[in-house]
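Q: Can you keep this structure in mind? I'll have questions shortly.
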Amino acid sequence: MSTTSLLILDGLLLISMVSLAWAALTSSDERRCVILFMAFGLVLALAWARLLAPDVALAEAAIGAGLSGGLLLTAVRERPQSAPTGRTDSVDNRHGSRMGLTLHWVVTTLSAALAVTLAWALGHAFSRGPQDSLAQAVSANLAASGVGNPVTAVLLNFRAYDTLLELAVLLTALLGIFALGRARPGYLAAGPVFDGLARWLVPVLILAAGYLLWVGAHAPGGAFQAGATLAAAGVVLRLAGRPDIGLPHGIALRIAMAAGVGIFLLVGLGLLLLGRPFLGYPPAWAGALILMIESAAMVAIAATLMLAFLGGRPESFGLQAVHEGPAAPPVVVPRSEAPEAMSRAEFETPEARDRFTKEENRC
Amino acid sequence: MIDALSSMLIVGGVLFYLAGSIGLLRLPDLYSRLHALTKADNLGLGLLTAGLALHSQDLLTALKLLLIWLAVLAASAASAHLIARHARRQEAGS
Amino acid sequence: MLTAQWLYGLTGCLIVALGLRTALLHASLLHRLVAVNVMGAGVFLALIAVAYRGPETPPDPVPHALVLTGIVVAVSATALALALARRLNAEQAND
């Protein structure tokens with residue numbers, strides 16, 4: 001591509017990104033904000049593809065735009081329809097409007113100062129020329145790493161410790177979500193159109209996840225993208241009203257959640273016992289070990305993202321505290337009938353079934 | 001020859017996308033906007049993937065592009081149906 | 001130091017500033033969450049711009065791995081924040 005056409009492409013991408021971000025951040029309606037954020041995430045994925053970062057583009061489209069947007073949309077759906085606020089950036093008006101305006105300008109100036117500082121730091125980094133020592137080290141050792149994709153090599157071999165800690169962060173966030181409450185009530189069974197779509201889409205998504213996992217060794221792909229695709233399959237199942245969204249029950253669910261960190265630790269400690277450094281794979285076994293770790297990581301990431309979409313402890317986790325009532329049956333709260341605010345009792349006890357099983361609520 | 005054909009297909013696809021976007025902005029009603037968006041964008045994507053498939057190195061890439069088009073067709077049709085049904089129910093309810 | 005690197009890097013800084021401003025000023029929790037995510041996206045944009053080496057040269061893979069990790073951690077933090085907000089709403093409605 002000639003440089004002028006690349007420049008035009010860059011200009012269009014950047015202008016769309018900044019306008020979408022601005023529109024999302026200054027919108028008054030929450031739902032509009034989330035949808036504009038999803039569009040921003042997709043244009044960002046295009047920017048990653050233009051900057052020759054296809055693994056990041058795949059992950060951003062699946063996780064950053066798709067799953068993040070889905071999580072935020074379910075949160076918007078729960079709240080009663082809030083009236084759009086008068087001013088788009090509504091300062092917390094406890095101190096009165098005069099303080100609000102001053103605070104507004106102070107924060108804007110500080111953010112502008114932050115942008116200028118970051119730009120100066122960036123210019124300083126660029127003026128020293130490209131620091132290629134790490135990139136050269138990666139390409140020099142790529143043949144011994146067991147995979148052909150340099151990003152996978154960095155993630156799962158050279159910096160495997162960071163990926164282990166990242167999976168631990170995922171698990172910790174999931175445990176926090178579990179500790180905060182029960183999963184949201186489910187959805188009604190879908191009508192024929194969406195049900196038919198889910199019937200063939202979910203197997204295709206599972207197949208695509210397996211493909212992404214396998215191809216990540218020598219092409220853009222890998223465990224994170226595959227895990228996100230599996231999680232998307234789970235989300236489709238949940239939206240179609242299936243009570244079991246593909247997650248196992250009880251002990252198998254716990255194993256799935258802990259698989260990523262567990263396999264990583266087992267491999268690392270096993271290598272320690274064999275006299276090698278922690279997570280220092282022998283070059284002959286590196287490919288097989290990486291594939292094993294990636295498979296376990298894919299399952300763990302998919303389980304974590306699906307459970308995060310559920311929003312809390314599911315029934316299948318098998319942990320019911322004694323003082324809580326029976327869990328909510330799988331009914332949906334139509335938007336117009338959502339209570340203004342859910343009290344704690346309603347939060348934990350079953351909703352009224354008969355309101356929602358009328359025939360016109362089905363397709 | 002392949003380049004010319006591929007360019008024509010891609011330009012045709014872009015024109016359909018343009019038509020769909022103009023329909024989204026200018027049509028008065030939710031249902032007509034949905035109609036413009038799904039019909040025009042599906043055909044636009046089909047032409048775009050056909051133009052790209054002509055440029056692909058091997059048959060496998062072309063088949064993957066075809067699969068992408070089919071998946072987007074089904075997903076956009078289903079989601080247009082769901083949006084229209086929800087809008088219909090809200091009208092009937094209020 | 002390519003033109004594309006400058007363009008994307010500066011846009012990243014701008015997006016970080018926009019996100020920070022909304023994260024501090026807006027009243028709605030959901031807007032603030034989206035603003036923090038947008039700040040993260042700006043940081044990732046700056047990182048990938050630093051890793052870019054031109055249309056012919058393969059890019060530096062280390063910042064790509066960093067950004068990949070960052071995307072996943074950002075979504076898990078968002079999920080935890082949403083669960084916290086849901087529980088907060090339930091507790092406040094109970095008072």
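By order in the structure tokens, chains are A, B, ...; within a chain, residues start at 1; ligands start at 1, following the order shown.
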Would you kindly report the residues of chain C within 6 Å of chain A, using only C-alpha atoms, as an MDAnalysis selection string?

A: chainID C and resid 1 10 13:14 17 21 25:27 60:61 65 68 75:76 79:80 83 90 93:94

Q: Go ahead and save the residues from that selection, with N, CA and C atoms, as an mmCIF file, in the first residue's frame.

A:
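So the final result, stored in result.cif, reads:
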data_model
loop_
_atom_site.group_PDB
_atom_site.id
_atom_site.type_symbol
_atom_site.label_atom_id
_atom_site.label_comp_id
_atom_site.auth_asym_id
_atom_site.auth_seq_id
_atom_site.Cartn_x
_atom_site.Cartn_y
_atom_site.Cartn_z
ATOM 1 N N MET C 1 11.172 5.993 14.288
ATOM 2 C CA MET C 1 10.121 6.941 14.668
ATOM 3 C C MET C 1 9.294 7.282 13.444
ATOM 4 N N LEU C 10 0.092 9.593 19.906
ATOM 5 C CA LEU C 10 -0.547 10.815 20.407
ATOM 6 C C LEU C 10 -2.040 10.610 20.606
ATOM 7 N N CYS C 13 -2.522 8.988 23.891
ATOM 8 C CA CYS C 13 -2.450 9.928 25.015
ATOM 9 C C CYS C 13 -3.731 10.731 25.122
ATOM 10 N N LEU C 14 -4.266 11.164 23.984
ATOM 11 C CA LEU C 14 -5.509 11.941 24.006
ATOM 12 C C LEU C 14 -6.646 11.128 24.596
ATOM 13 N N ALA C 17 -6.449 10.912 28.295
ATOM 14 C CA ALA C 17 -6.911 12.121 28.966
ATOM 15 C C ALA C 17 -8.434 12.206 28.964
ATOM 16 N N ARG C 21 -10.758 12.271 32.403
ATOM 17 C CA ARG C 21 -11.655 13.372 32.710
ATOM 18 C C ARG C 21 -13.058 12.857 33.029
ATOM 19 N N LEU C 25 -15.246 12.925 36.561
ATOM 20 C CA LEU C 25 -16.322 13.913 36.612
ATOM 21 C C LEU C 25 -17.717 13.328 36.556
ATOM 22 N N HIS C 26 -17.902 12.238 35.865
ATOM 23 C CA HIS C 26 -19.265 11.787 35.617
ATOM 24 C C HIS C 26 -19.840 11.154 36.873
ATOM 25 N N ALA C 27 -21.145 11.271 37.017
ATOM 26 C CA ALA C 27 -21.767 10.767 38.229
ATOM 27 C C ALA C 27 -22.124 9.292 38.120
ATOM 28 N N ASP C 60 7.609 -5.623 17.125
ATOM 29 C CA ASP C 60 8.208 -6.103 18.354
ATOM 30 C C ASP C 60 7.140 -6.877 19.126
ATOM 31 N N PRO C 61 7.339 -8.172 19.408
ATOM 32 C CA PRO C 61 6.240 -8.941 20.002
ATOM 33 C C PRO C 61 6.051 -8.736 21.500
ATOM 34 N N ALA C 65 2.431 -8.880 23.706
ATOM 35 C CA ALA C 65 2.085 -9.788 24.801
ATOM 36 C C ALA C 65 1.592 -8.994 26.006
ATOM 37 N N LEU C 68 -1.965 -7.908 25.348
ATOM 38 C CA LEU C 68 -2.886 -9.044 25.428
ATOM 39 C C LEU C 68 -3.223 -9.341 26.880
ATOM 40 N N VAL C 75 -10.810 -6.844 31.474
ATOM 41 C CA VAL C 75 -12.174 -7.361 31.457
ATOM 42 C C VAL C 75 -12.507 -8.035 32.781
ATOM 43 N N SER C 76 -11.528 -8.673 33.414
ATOM 44 C CA SER C 76 -11.840 -9.291 34.706
ATOM 45 C C SER C 76 -12.068 -8.232 35.773
ATOM 46 N N ALA C 79 -15.550 -6.953 35.274
ATOM 47 C CA ALA C 79 -16.556 -7.880 35.785
ATOM 48 C C ALA C 79 -16.671 -7.767 37.300
ATOM 49 N N LEU C 80 -15.531 -7.671 37.994
ATOM 50 C CA LEU C 80 -15.564 -7.547 39.448
ATOM 51 C C LEU C 80 -16.227 -6.237 39.865
ATOM 52 N N ALA C 83 -19.929 -6.577 39.570
ATOM 53 C CA ALA C 83 -20.516 -7.362 40.654
ATOM 54 C C ALA C 83 -20.587 -6.540 41.935
ATOM 55 N N ALA C 90 -28.001 -3.412 45.766
ATOM 56 C CA ALA C 90 -28.906 -4.233 46.569
ATOM 57 C C ALA C 90 -28.837 -3.836 48.040
ATOM 58 N N ALA C 93 -30.507 -0.406 48.553
ATOM 59 C CA ALA C 93 -31.959 -0.470 48.464
ATOM 60 C C ALA C 93 -32.561 -1.087 49.709
ATOM 61 N N ASN C 94 -31.720 -1.789 50.461
ATOM 62 C CA ASN C 94 -32.222 -2.457 51.648
ATOM 63 C C ASN C 94 -32.305 -1.528 52.849
#

Q: Which neighbours of Met8 (chain B) fall inside 10 Å, counting only C-alpha atoms, when residues of the same chain fewer than 6 positions from it are skipped, and could you give them as an mmCIF file with C-alpha atoms, in the first residue's frame?

A:
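Saved result, selection37.cif, follows:
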data_model
loop_
_atom_site.group_PDB
_atom_site.id
_atom_site.type_symbol
_atom_site.label_atom_id
_atom_site.label_comp_id
_atom_site.auth_asym_id
_atom_site.auth_seq_id
_atom_site.Cartn_x
_atom_site.Cartn_y
_atom_site.Cartn_z
ATOM 1 C CA ILE B 2 -8.363 -10.855 -11.444
ATOM 2 C CA VAL B 14 -18.698 -0.657 -0.379
ATOM 3 C CA LEU B 47 -19.525 -8.808 -2.484
ATOM 4 C CA LEU B 48 -16.617 -7.771 -0.280
ATOM 5 C CA GLY B 51 -13.643 -9.732 -4.022
#

Q: Near Val67 (chain C), within 9 Å and counting only C-alpha atoms, which residues show up once chain neighbours fewer than 4 positions away are dropped, as a ChimeraX atom specification?

A: /A:56 /C:43-45,47-48,62-63,71-72

Q: Distance cut-off 12 Å, counting only C-alpha atoms - which residues of chain B neighbour chain A? Return them as a list in words.

A: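 The complete set of qualifying residues is Lys64, Leu67, Ile68, Leu70, Ala71, Val72, Leu73, Ala74, Ala75, Ser76, Ala77, Ala78, Ser79, Ala80, His81, Leu82, Ile83, Arg85, His86, Arg88, Arg89, Gln90, Glu91, Ala92, Gly93 and Ser94 of chain B.
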
Q: Can you write just those residues out, C-alpha atoms, as an mmCIF file, in the first residue's frame?

A:
data_model
loop_
_atom_site.group_PDB
_atom_site.id
_atom_site.type_symbol
_atom_site.label_atom_id
_atom_site.label_comp_id
_atom_site.auth_asym_id
_atom_site.auth_seq_id
_atom_site.Cartn_x
_atom_site.Cartn_y
_atom_site.Cartn_z
ATOM 1 C CA LYS B 64 -13.004 -19.423 5.423
ATOM 2 C CA LEU B 67 -17.930 -19.242 6.226
ATOM 3 C CA ILE B 68 -17.499 -15.768 7.714
ATOM 4 C CA LEU B 70 -22.583 -17.191 6.187
ATOM 5 C CA ALA B 71 -22.077 -16.707 9.916
ATOM 6 C CA VAL B 72 -22.638 -12.955 9.652
ATOM 7 C CA LEU B 73 -25.750 -13.554 7.502
ATOM 8 C CA ALA B 74 -27.315 -15.821 10.090
ATOM 9 C CA ALA B 75 -26.331 -13.675 13.068
ATOM 10 C CA SER B 76 -27.572 -10.424 11.554
ATOM 11 C CA ALA B 77 -30.836 -12.018 10.439
ATOM 12 C CA ALA B 78 -31.467 -13.445 13.895
ATOM 13 C CA SER B 79 -30.573 -10.216 15.676
ATOM 14 C CA ALA B 80 -32.725 -8.131 13.328
ATOM 15 C CA HIS B 81 -35.621 -10.480 14.092
ATOM 16 C CA LEU B 82 -35.019 -10.145 17.838
ATOM 17 C CA ILE B 83 -34.812 -6.355 17.698
ATOM 18 C CA ARG B 85 -39.831 -8.475 17.922
ATOM 19 C CA HIS B 86 -38.787 -6.516 20.997
ATOM 20 C CA ARG B 88 -43.180 -4.825 18.438
ATOM 21 C CA ARG B 89 -43.800 -6.009 21.987
ATOM 22 C CA GLN B 90 -42.970 -2.634 23.427
ATOM 23 C CA GLU B 91 -45.452 -1.004 21.079
ATOM 24 C CA ALA B 92 -48.103 -3.576 21.946
ATOM 25 C CA GLY B 93 -47.439 -3.262 25.651
ATOM 26 C CA SER B 94 -47.483 0.517 25.971
#

Q: What's around Ala40 (chain B) at 7 Å? Count only C-alpha atoms, leave out sequence neighbours fewer than 6 positions away in its own chain, and write the answer as a list of chain:residue names.

A: B:Phe16, B:Tyr17, B:Ala19, B:Gly20

Q: Could you check how far CA of His218 (chain A) sits from CA of Gly40 (chain C), in Å to one decimal?

A: 28.2 Å

Q: If I take CA of Ala233 (chain A) and CA of Ala300 (chain A), how far is one from the other in Å, to one decimal?

A: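 Interatomic distance here is 14.4 Å.
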
Q: Step one, run DSSP on the backbone; step two, keep only residues of chain C assigned to helix (DSSP H, G or I); then write them as a PyMOL selection string.

A: chain C and resi 3-25+29-51+61-94

Q: Leaving out Trp214 (chain A) and any residue of its chain fewer than 5 positions from it, which residues lie within 9 Å of it when counting only C-alpha atoms, given as a PDB file with C-alpha atoms, in the first residue's frame?

A:
ATOM      1  CA  ALA A 209     -12.047 -22.144  19.546  1.00  0.00           C
ATOM      2  CA  GLY A 221      -4.285 -17.073  17.761  1.00  0.00           C
ATOM      3  CA  GLY A 222      -3.728 -18.760  21.058  1.00  0.00           C
ATOM      4  CA  ALA A 223      -5.313 -19.612  24.373  1.00  0.00           C
ATOM      5  CA  LEU A 291      -0.001 -26.869  24.058  1.00  0.00           C
TER       6      LEU A 291
END

Q: As an exercise, work out the distance from CA of Ser145 (chain A) to CA of Gly216 (chain A) in Å and give it to one decimal place.

A: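 Computing the Euclidean distance for CA of Ser145 (chain A) and CA of Gly216 (chain A) yields 13.5 Å.
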
Q: Closest to Gly260 (chain A) among A:Gly227, A:Pro220, A:Gly186, A:Pro243, using only C-alpha atoms?

A: A:Gly227
